[in-house]
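Q: Could you have a look at this structure, given as structure tokens, before my questions?
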Amino acid sequence: MDQEAEQQWIRQAQAGDRQAFAALVDRYWPRIYRWLFGLTRQTHVSEDLTQDVFLKAWTALPKFEGTFGFRAWLFRIASNSLIDSRRGPRGARSDPLPDSLTTREPGPMAAVLSQESQTLVEEACSRLPSKLKTAFLLRTQEEMSFEEIGKVLGVTEETVRWRVFKARHVLLNDLKHYLDGKSE
């Protein structure tokens, strides 16, 4: 879908067109859910948060001005919803990513090695501090620019660059023994 079509759907949805909003939901639901799942590691929590994001977006849509883009605006709502959900007595617990999120179908041996690597990376990622993990997943999963991530998280572009750099550094250190063992 091109930007022009998306802008048309946004204008129609702002005018109350539920079908246009449904088209936007269809486009962004999987991306918002995947990002929230990467942060919470809980299917039901991620589903509830994603639903909450789109309910809030529908309510706030008449006020949306498009200053930094619809996608970044949705991820900002998602970020705020996640923060709000964690203000309770407990934070979210981490579970591994479901197998259905893998994107390739390698051969049997490669699949085992790939699954092992995927699990190690996911575990290492789950140990990242929340601020680093949030920026890292937006960059790697959603392929957002540093500027967009800054707008989503309400920080400067330089802060985002540092967080992503630091997350990569921490992950490399955490996986160093595994990576060294692979090269032998």
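Letters A, B, ... go to the chains of the structure tokens in the order shown; residues in each chain start at 1; ligands are counted from 1 in the same order.
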Write out as a PyMOL selection string each polymer residue whose atoms come within 12 Å of Val121 (chain A), counting only C-alpha atoms; drop sequence neighbours fewer than 2 positions from it.

A: chain A and resi 38+96-97+114-119+123-128+167-168+170-176+178-179

Q: For the selection you just gave me, I'd like the residues written to a file as a PDB file, in the first residue's frame, keeping N, CA and C atoms.

A:
```pdb
ATOM      1  N   GLY A  38       7.320  -8.989  21.475  1.00  0.00           N
ATOM      2  CA  GLY A  38       8.764  -9.004  21.683  1.00  0.00           C
ATOM      3  C   GLY A  38       9.163  -8.368  23.008  1.00  0.00           C
ATOM      4  N   PRO A  96       9.215 -17.248  25.568  1.00  0.00           N
ATOM      5  CA  PRO A  96       9.872 -17.282  24.257  1.00  0.00           C
ATOM      6  C   PRO A  96       8.898 -16.937  23.128  1.00  0.00           C
ATOM      7  N   LEU A  97       9.458 -16.463  22.002  1.00  0.00           N
ATOM      8  CA  LEU A  97       8.638 -16.184  20.825  1.00  0.00           C
ATOM      9  C   LEU A  97       8.056 -17.490  20.295  1.00  0.00           C
ATOM     10  N   SER A 114      19.292 -23.307  13.590  1.00  0.00           N
ATOM     11  CA  SER A 114      18.635 -22.012  13.520  1.00  0.00           C
ATOM     12  C   SER A 114      17.742 -21.791  14.746  1.00  0.00           C
ATOM     13  N   GLN A 115      16.990 -22.824  15.131  1.00  0.00           N
ATOM     14  CA  GLN A 115      16.114 -22.730  16.301  1.00  0.00           C
ATOM     15  C   GLN A 115      16.936 -22.498  17.566  1.00  0.00           C
ATOM     16  N   GLU A 116      18.065 -23.204  17.677  1.00  0.00           N
ATOM     17  CA  GLU A 116      18.946 -23.024  18.824  1.00  0.00           C
ATOM     18  C   GLU A 116      19.465 -21.577  18.869  1.00  0.00           C
ATOM     19  N   SER A 117      19.927 -21.099  17.718  1.00  0.00           N
ATOM     20  CA  SER A 117      20.419 -19.718  17.647  1.00  0.00           C
ATOM     21  C   SER A 117      19.317 -18.727  17.966  1.00  0.00           C
ATOM     22  N   GLN A 118      18.143 -18.943  17.388  1.00  0.00           N
ATOM     23  CA  GLN A 118      16.997 -18.060  17.614  1.00  0.00           C
ATOM     24  C   GLN A 118      16.656 -18.007  19.100  1.00  0.00           C
ATOM     25  N   THR A 119      16.643 -19.161  19.733  1.00  0.00           N
ATOM     26  CA  THR A 119      16.327 -19.228  21.164  1.00  0.00           C
ATOM     27  C   THR A 119      17.369 -18.478  21.983  1.00  0.00           C
ATOM     28  N   GLU A 123      16.523 -15.209  24.169  1.00  0.00           N
ATOM     29  CA  GLU A 123      16.808 -15.180  25.603  1.00  0.00           C
ATOM     30  C   GLU A 123      17.711 -14.001  25.948  1.00  0.00           C
ATOM     31  N   ALA A 124      18.723 -13.779  25.135  1.00  0.00           N
ATOM     32  CA  ALA A 124      19.616 -12.647  25.376  1.00  0.00           C
ATOM     33  C   ALA A 124      18.860 -11.334  25.246  1.00  0.00           C
ATOM     34  N   CYS A 125      18.000 -11.241  24.257  1.00  0.00           N
ATOM     35  CA  CYS A 125      17.204 -10.029  24.051  1.00  0.00           C
ATOM     36  C   CYS A 125      16.257  -9.794  25.233  1.00  0.00           C
ATOM     37  N   SER A 126      15.695 -10.858  25.774  1.00  0.00           N
ATOM     38  CA  SER A 126      14.771 -10.707  26.900  1.00  0.00           C
ATOM     39  C   SER A 126      15.472 -10.183  28.150  1.00  0.00           C
ATOM     40  N   ARG A 127      16.800 -10.364  28.219  1.00  0.00           N
ATOM     41  CA  ARG A 127      17.558  -9.867  29.378  1.00  0.00           C
ATOM     42  C   ARG A 127      17.987  -8.411  29.225  1.00  0.00           C
ATOM     43  N   LEU A 128      17.785  -7.843  28.044  1.00  0.00           N
ATOM     44  CA  LEU A 128      18.149  -6.438  27.844  1.00  0.00           C
ATOM     45  C   LEU A 128      17.293  -5.548  28.734  1.00  0.00           C
ATOM     46  N   ALA A 167      22.408  -1.875  22.967  1.00  0.00           N
ATOM     47  CA  ALA A 167      21.707  -3.163  22.931  1.00  0.00           C
ATOM     48  C   ALA A 167      22.511  -4.174  22.123  1.00  0.00           C
ATOM     49  N   ARG A 168      23.029  -3.752  20.968  1.00  0.00           N
ATOM     50  CA  ARG A 168      23.841  -4.659  20.143  1.00  0.00           C
ATOM     51  C   ARG A 168      25.105  -5.080  20.879  1.00  0.00           C
ATOM     52  N   VAL A 170      25.580  -5.228  24.159  1.00  0.00           N
ATOM     53  CA  VAL A 170      25.206  -6.133  25.245  1.00  0.00           C
ATOM     54  C   VAL A 170      24.901  -7.528  24.684  1.00  0.00           C
ATOM     55  N   LEU A 171      24.152  -7.572  23.569  1.00  0.00           N
ATOM     56  CA  LEU A 171      23.819  -8.862  22.960  1.00  0.00           C
ATOM     57  C   LEU A 171      25.072  -9.594  22.488  1.00  0.00           C
ATOM     58  N   LEU A 172      25.979  -8.872  21.852  1.00  0.00           N
ATOM     59  CA  LEU A 172      27.228  -9.513  21.402  1.00  0.00           C
ATOM     60  C   LEU A 172      28.030 -10.052  22.571  1.00  0.00           C
ATOM     61  N   ASN A 173      28.109  -9.287  23.647  1.00  0.00           N
ATOM     62  CA  ASN A 173      28.824  -9.773  24.837  1.00  0.00           C
ATOM     63  C   ASN A 173      28.123 -10.979  25.439  1.00  0.00           C
ATOM     64  N   ASP A 174      26.801 -10.922  25.489  1.00  0.00           N
ATOM     65  CA  ASP A 174      26.020 -12.012  26.071  1.00  0.00           C
ATOM     66  C   ASP A 174      26.158 -13.289  25.240  1.00  0.00           C
ATOM     67  N   LEU A 175      26.278 -13.148  23.929  1.00  0.00           N
ATOM     68  CA  LEU A 175      26.351 -14.303  23.030  1.00  0.00           C
ATOM     69  C   LEU A 175      27.781 -14.664  22.630  1.00  0.00           C
ATOM     70  N   LYS A 176      28.757 -13.979  23.218  1.00  0.00           N
ATOM     71  CA  LYS A 176      30.162 -14.153  22.839  1.00  0.00           C
ATOM     72  C   LYS A 176      30.620 -15.616  22.909  1.00  0.00           C
ATOM     73  N   TYR A 178      28.865 -18.326  22.775  1.00  0.00           N
ATOM     74  CA  TYR A 178      28.190 -19.104  21.734  1.00  0.00           C
ATOM     75  C   TYR A 178      28.825 -18.821  20.379  1.00  0.00           C
ATOM     76  N   LEU A 179      29.047 -17.555  20.074  1.00  0.00           N
ATOM     77  CA  LEU A 179      29.628 -17.167  18.794  1.00  0.00           C
ATOM     78  C   LEU A 179      31.055 -17.678  18.651  1.00  0.00           C
TER      79      LEU A 179
END
```

Q: Please list as a ChimeraX atom specification every residue within 10 Å of Arg27 (chain A), counting only C-alpha atoms and excluding residues in the same chain fewer than 5 positions away.

A: /A:1,6,21-22,32,71

Q: In terms of the shortest atom-to-atom distance over only C-alpha atoms, which of A:Lys151, A:Lys131, A:Thr159, A:Trp29 is closest to Arg76 (chain A)?

A: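 Of A:Lys151, A:Lys131, A:Thr159, A:Trp29, the one nearest Arg76 (chain A), counting only C-alpha atoms, is A:Lys151.
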
Q: Choose the residue, out of A:His44, A:Leu55, A:Trp35, A:Ile77, that has the smallest atom-to-atom separation from Leu138 (chain A); count only C-alpha atoms.

A: A:Trp35

Q: Between A:Trp58, A:Ala78, A:Tyr33, A:Ser130, single out the one closest to Asp17 (chain A), counting only C-alpha atoms.

A: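 Result for the nearest residue to Asp17 (chain A): A:Trp58.
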
Q: Tell me which protein, DNA and RNA residues are within 12 Å of Glu142 (chain A), counting only C-alpha atoms, leaving out same-chain ones fewer than 2 positions away, and put them as a ChimeraX atom specification.

A: /A:28,30-36,38,71-72,75,134-140,144-146,148-149

Q: Rounded to one decimal place, report the CA of Ala23 (chain A)-CA of Val53 (chain A) distance in Å.

A: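 Going from CA of Ala23 (chain A) over to CA of Val53 (chain A) covers 15.2 Å.
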
Q: Of the candidates A:Ala5, A:Val155, A:Arg11, A:Lys166, which one gets nearest to Glu65 (chain A) if we count only C-alpha atoms?

A: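 For Glu65 (chain A), the nearest of the candidates is A:Arg11.
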
Q: Work out how far apart CA of Val25 (chain A) and CA of Lys56 (chain A) are and give it in Å to one decimal.

A: 12.1 Å

Q: Using CA of Val164 (chain A) and CA of Lys133 (chain A) as the two end points, give the distance in Å to one decimal.

A: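 Distance between the two atoms: 8.1 Å.
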
Q: Residues of chain A in alpha helix (DSSP H) according to DSSP, as a VMD selection string?

A: chain A and resid 3 to 14 18 to 40 43 to 60 70 to 85 108 to 126 130 to 140 146 to 153 157 to 174 176 to 183
